[in-house]
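Peer 1: Pasting a structure here, questions to come.
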Amino acid sequence: MLAALGFTTIVLFLLLTMTKRVSVLIALVLIPVLAALAGGFGGELGKMILDGLGKVAPTGIMIAFAVLYFSLMIDAGLFDPLIRGILRLAKGDPLRIAVGTAVLTMCVALDGDGASTFLITVSALLPVYRRLGMSPLVLSGVVCLGAGVMNLIPWGGPTARAMAALKLDSSQVFTPVLPAMAAGIVWVLVASYLIGLRERRRLGKLPSAGVPEEHLVGEGPGTQRAPVHPALTVFNVLLTVALLVGLVLQVMPLPVLFVVGFAIALLVNHPTWERQQELLERHGKSVVLVTTMIFAAGVFTGILTGTKMISHMASAFVGVIPDSLGGHLPVLVAITGMPLSLVFTPDAYYFGVLPVLAETVSGFGGAPAEVARAAILGQMTTGFPLSPLTASTFILVGMSGVQLGEHQRFIFKWAFATTLVMTAVALLTGAFSL
């Protein structure tokens, strides 16, 4: 019953949000609440919601101050040289912009943290997309693909979880899928080329030659920005580099780094109370839009986890696999993993479903490591931000200014194709057998 209730909750959420019957925020809160009441968990509802909110609180805090930090830096012109460089290389061509987005995303994603990847790439590139009139869905979609492939690195979320769950090392899980990952990178570039080609046809080639230098950045030709002192620009660059180094080295928790970093940046860039308040009021809307989604997602996952719907869904999923498919389980895991990211949280999948699948494969004479490799190819949840159960999804769609349902419809087929390409190469190179 709990498994059926959980699957019904997920399906209802996806249907209502993708068809725009209700907002994502309302669906994230009210649908699981109604499901919990239907399942007889009304007395435990408050505790489950608080537990869920507590788990996403660090992410919400980090996002709030990170959005403020990068908004401040955009206002200060920190990304202007990068934006000008991209526009010059792209020469007003949406196709080149899309491919450049993929390359930049994959470079930034080497830190293994999806949240920071989305914050940095979207902050830097959204003004470019607005300047050229490109759809923000292209930005969120291409960033989604690039980050998803790079999330295979051993310090990324899926691979780290798979190794921990099955007590394997990177030589057993990551090294054999390197050729598949390389193929995935090539495919992402091809996909971004095709997406960009479609956007070029929609917009036409927009020449940037002859456009005044000051109009190459910001919201559009009418944007005016006060000049920034060179010393202040140097300080902002050094502070941002220090922040990113601290992030990679894990000097302090990510929320703490952004809270402290933003406070320092605000004081130095806007030393008066009036200017500080002006900046907070100007960007407060963006913070509210993103953080409310994060906390609403906490309600959703808190209820599904607290009611044990997630664990029962995992058991039900494994139970429906017929014995005849036991020998082909790695391929099945790889192919179904990406769609299942819409149903399971990363922790539920890797620590709940994966060990059972590995044990099943062992019973058929297979190697658990093969299932782990298949899982990271198909279940790049934190890299493919499509699932409402993953906080990074709301970071990407919130900062890009797109609706979750539109984002899912736009990029799902490209994300699934990425999984299929990597699965095919993994089979050819022997990462797992058919």
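Ordering of the structure tokens sets the chain letters (A, B, ...), residue numbers begin anew at 1 in every chain, and ligands are numbered from 1 in the order given.
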Quick one: residues within 9 Å of region 256-269 of chain A, only C-alpha atoms counted, chain neighbours fewer than 5 positions away excluded, as a list in words?
Peer 2: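 Non-adjacent residues within range: Ile61, Met62, Ile63, Ala64, Phe65, Ala66, Leu68, Tyr69, Phe70, Leu72, Met73, Ala76, Leu232, Phe235, Asn236, Leu239, Thr240, Leu243, Gly246, Leu247, Val251, Gln276 and Leu279 of chain A.
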Peer 1: Which parts of region 4-192 of chain A does DSSP call helix (DSSP H, G or I) when run on the backbone here, written out as a PyMOL selection string?
Peer 2: chain A and resi 4-18+24-38+42-75+80-90+94-111+114-132+136-150+157-166+170-173+175-192
Peer 1: Which is closer to Trp187 (chain A) than all the others in A:Cys107, A:Val99, A:Leu428, A:Val138, using only C-alpha atoms?
Peer 2: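 Checking each candidate against Trp187 (chain A), we get A:Val99 as the closest.
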Peer 1: Show which residues sit within 9 Å of Leu110 (chain A), as a count of residues only. Count only C-alpha atoms, and ignore same-chain residues fewer than 6 positions away.
Peer 2: 6
Peer 1: Using only C-alpha atoms, which of A:Gln277, A:Leu434, A:Ala426, A:Pro94 sits nearest Ala183 (chain A)?
Peer 2: A:Ala426
Peer 1: A:Leu342, A:Val237, A:Leu377, A:Ala431: which is nearest Ala417 (chain A), counting only C-alpha atoms?
Peer 2: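 Closest to Ala417 (chain A) of all the choices is A:Leu377.
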Peer 1: Could you check how far CA of Ile49 (chain A) sits from CA of Pro385 (chain A), in Å to one decimal?
Peer 2: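 Interatomic distance, CA of Ile49 (chain A) to CA of Pro385 (chain A): 22.6 Å.
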Peer 1: Identify which of the residues A:Thr105, A:Ser71, A:Thr301, A:Thr307 lies closest to Ile185 (chain A), counting only C-alpha atoms when measuring atom-to-atom distances.
Peer 2: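 The closest residue to Ile185 (chain A) is A:Thr105.
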Peer 1: Which residue out of A:Met163, A:Ala242, A:Ala182, A:Met293 has the minimum interatomic distance to Arg373 (chain A) when only C-alpha atoms are used?
Peer 2: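 Of the candidates, the smallest distance to Arg373 (chain A) is held by A:Met163.
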Peer 1: Excluding Gly365 (chain A) and residues on its chain fewer than 4 positions from it, collect all residues at most 12 Å away from it, counting only C-alpha atoms, and give them as a PyMOL selection string.
Peer 2: chain A and resi 326-329+358-361+370+433
Peer 1: Given only C-alpha atoms as the basis, pick out the residue of A:Leu14, A:Ile411, A:Val22, A:Ile335 nearest to Gly146 (chain A).
Peer 2: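 Checking each candidate against Gly146 (chain A), we get A:Ile411 as the closest.
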Peer 1: Please report the interatomic distance between CA of Leu53 (chain A) and CA of Gly302 (chain A) in Å with one decimal.
Peer 2: 7.1 Å
Peer 1: Provide the CA of Ala180 (chain A) to CA of Leu427 (chain A) distance in Å, to one decimal place.
Peer 2: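 The value is 8.9 Å.
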Peer 1: Could you pull the residues within 10 Å of Glu406 (chain A), counting only C-alpha atoms, minus those fewer than 5 positions along the same chain, as a list in words?
Peer 2: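 In the requested format, the answer is Thr17, Met18, Thr19, Lys20, Leu137, Val397 and Ile411 of chain A.
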Peer 1: So which residues touch Leu45 (chain A) within 8 Å, counting only C-alpha atoms, skipping near sequence neighbours fewer than 4 positions away, as a ChimeraX atom specification?
Peer 2: /A:33,36,41,49,303
Peer 1: Would you save the residues from that selection as a PDB file, in the first residue's frame, using N, CA, C and O atoms?
Peer 2:
ATOM      1  N   VAL A  33       1.382  16.058   1.614  1.00  0.00           N
ATOM      2  CA  VAL A  33       0.574  16.194   2.839  1.00  0.00           C
ATOM      3  C   VAL A  33      -0.707  15.383   2.708  1.00  0.00           C
ATOM      4  O   VAL A  33      -1.095  14.635   3.628  1.00  0.00           O
ATOM      5  N   ALA A  36       0.100  11.695   2.933  1.00  0.00           N
ATOM      6  CA  ALA A  36       0.365  11.271   4.315  1.00  0.00           C
ATOM      7  C   ALA A  36      -0.940  11.114   5.092  1.00  0.00           C
ATOM      8  O   ALA A  36      -1.110  10.160   5.861  1.00  0.00           O
ATOM      9  N   PHE A  41      -0.981   8.959   8.443  1.00  0.00           N
ATOM     10  CA  PHE A  41       0.191   9.495   9.139  1.00  0.00           C
ATOM     11  C   PHE A  41      -0.027  10.918   9.640  1.00  0.00           C
ATOM     12  O   PHE A  41       0.925  11.660   9.860  1.00  0.00           O
ATOM     13  N   ILE A  49       7.728  16.683   8.425  1.00  0.00           N
ATOM     14  CA  ILE A  49       7.988  17.914   7.670  1.00  0.00           C
ATOM     15  C   ILE A  49       9.189  18.661   8.255  1.00  0.00           C
ATOM     16  O   ILE A  49      10.057  19.129   7.518  1.00  0.00           O
ATOM     17  N   ILE A 303       8.302  13.942   3.936  1.00  0.00           N
ATOM     18  CA  ILE A 303       7.105  13.098   4.085  1.00  0.00           C
ATOM     19  C   ILE A 303       7.315  11.739   3.427  1.00  0.00           C
ATOM     20  O   ILE A 303       6.988  10.695   4.013  1.00  0.00           O
TER      21      ILE A 303
END
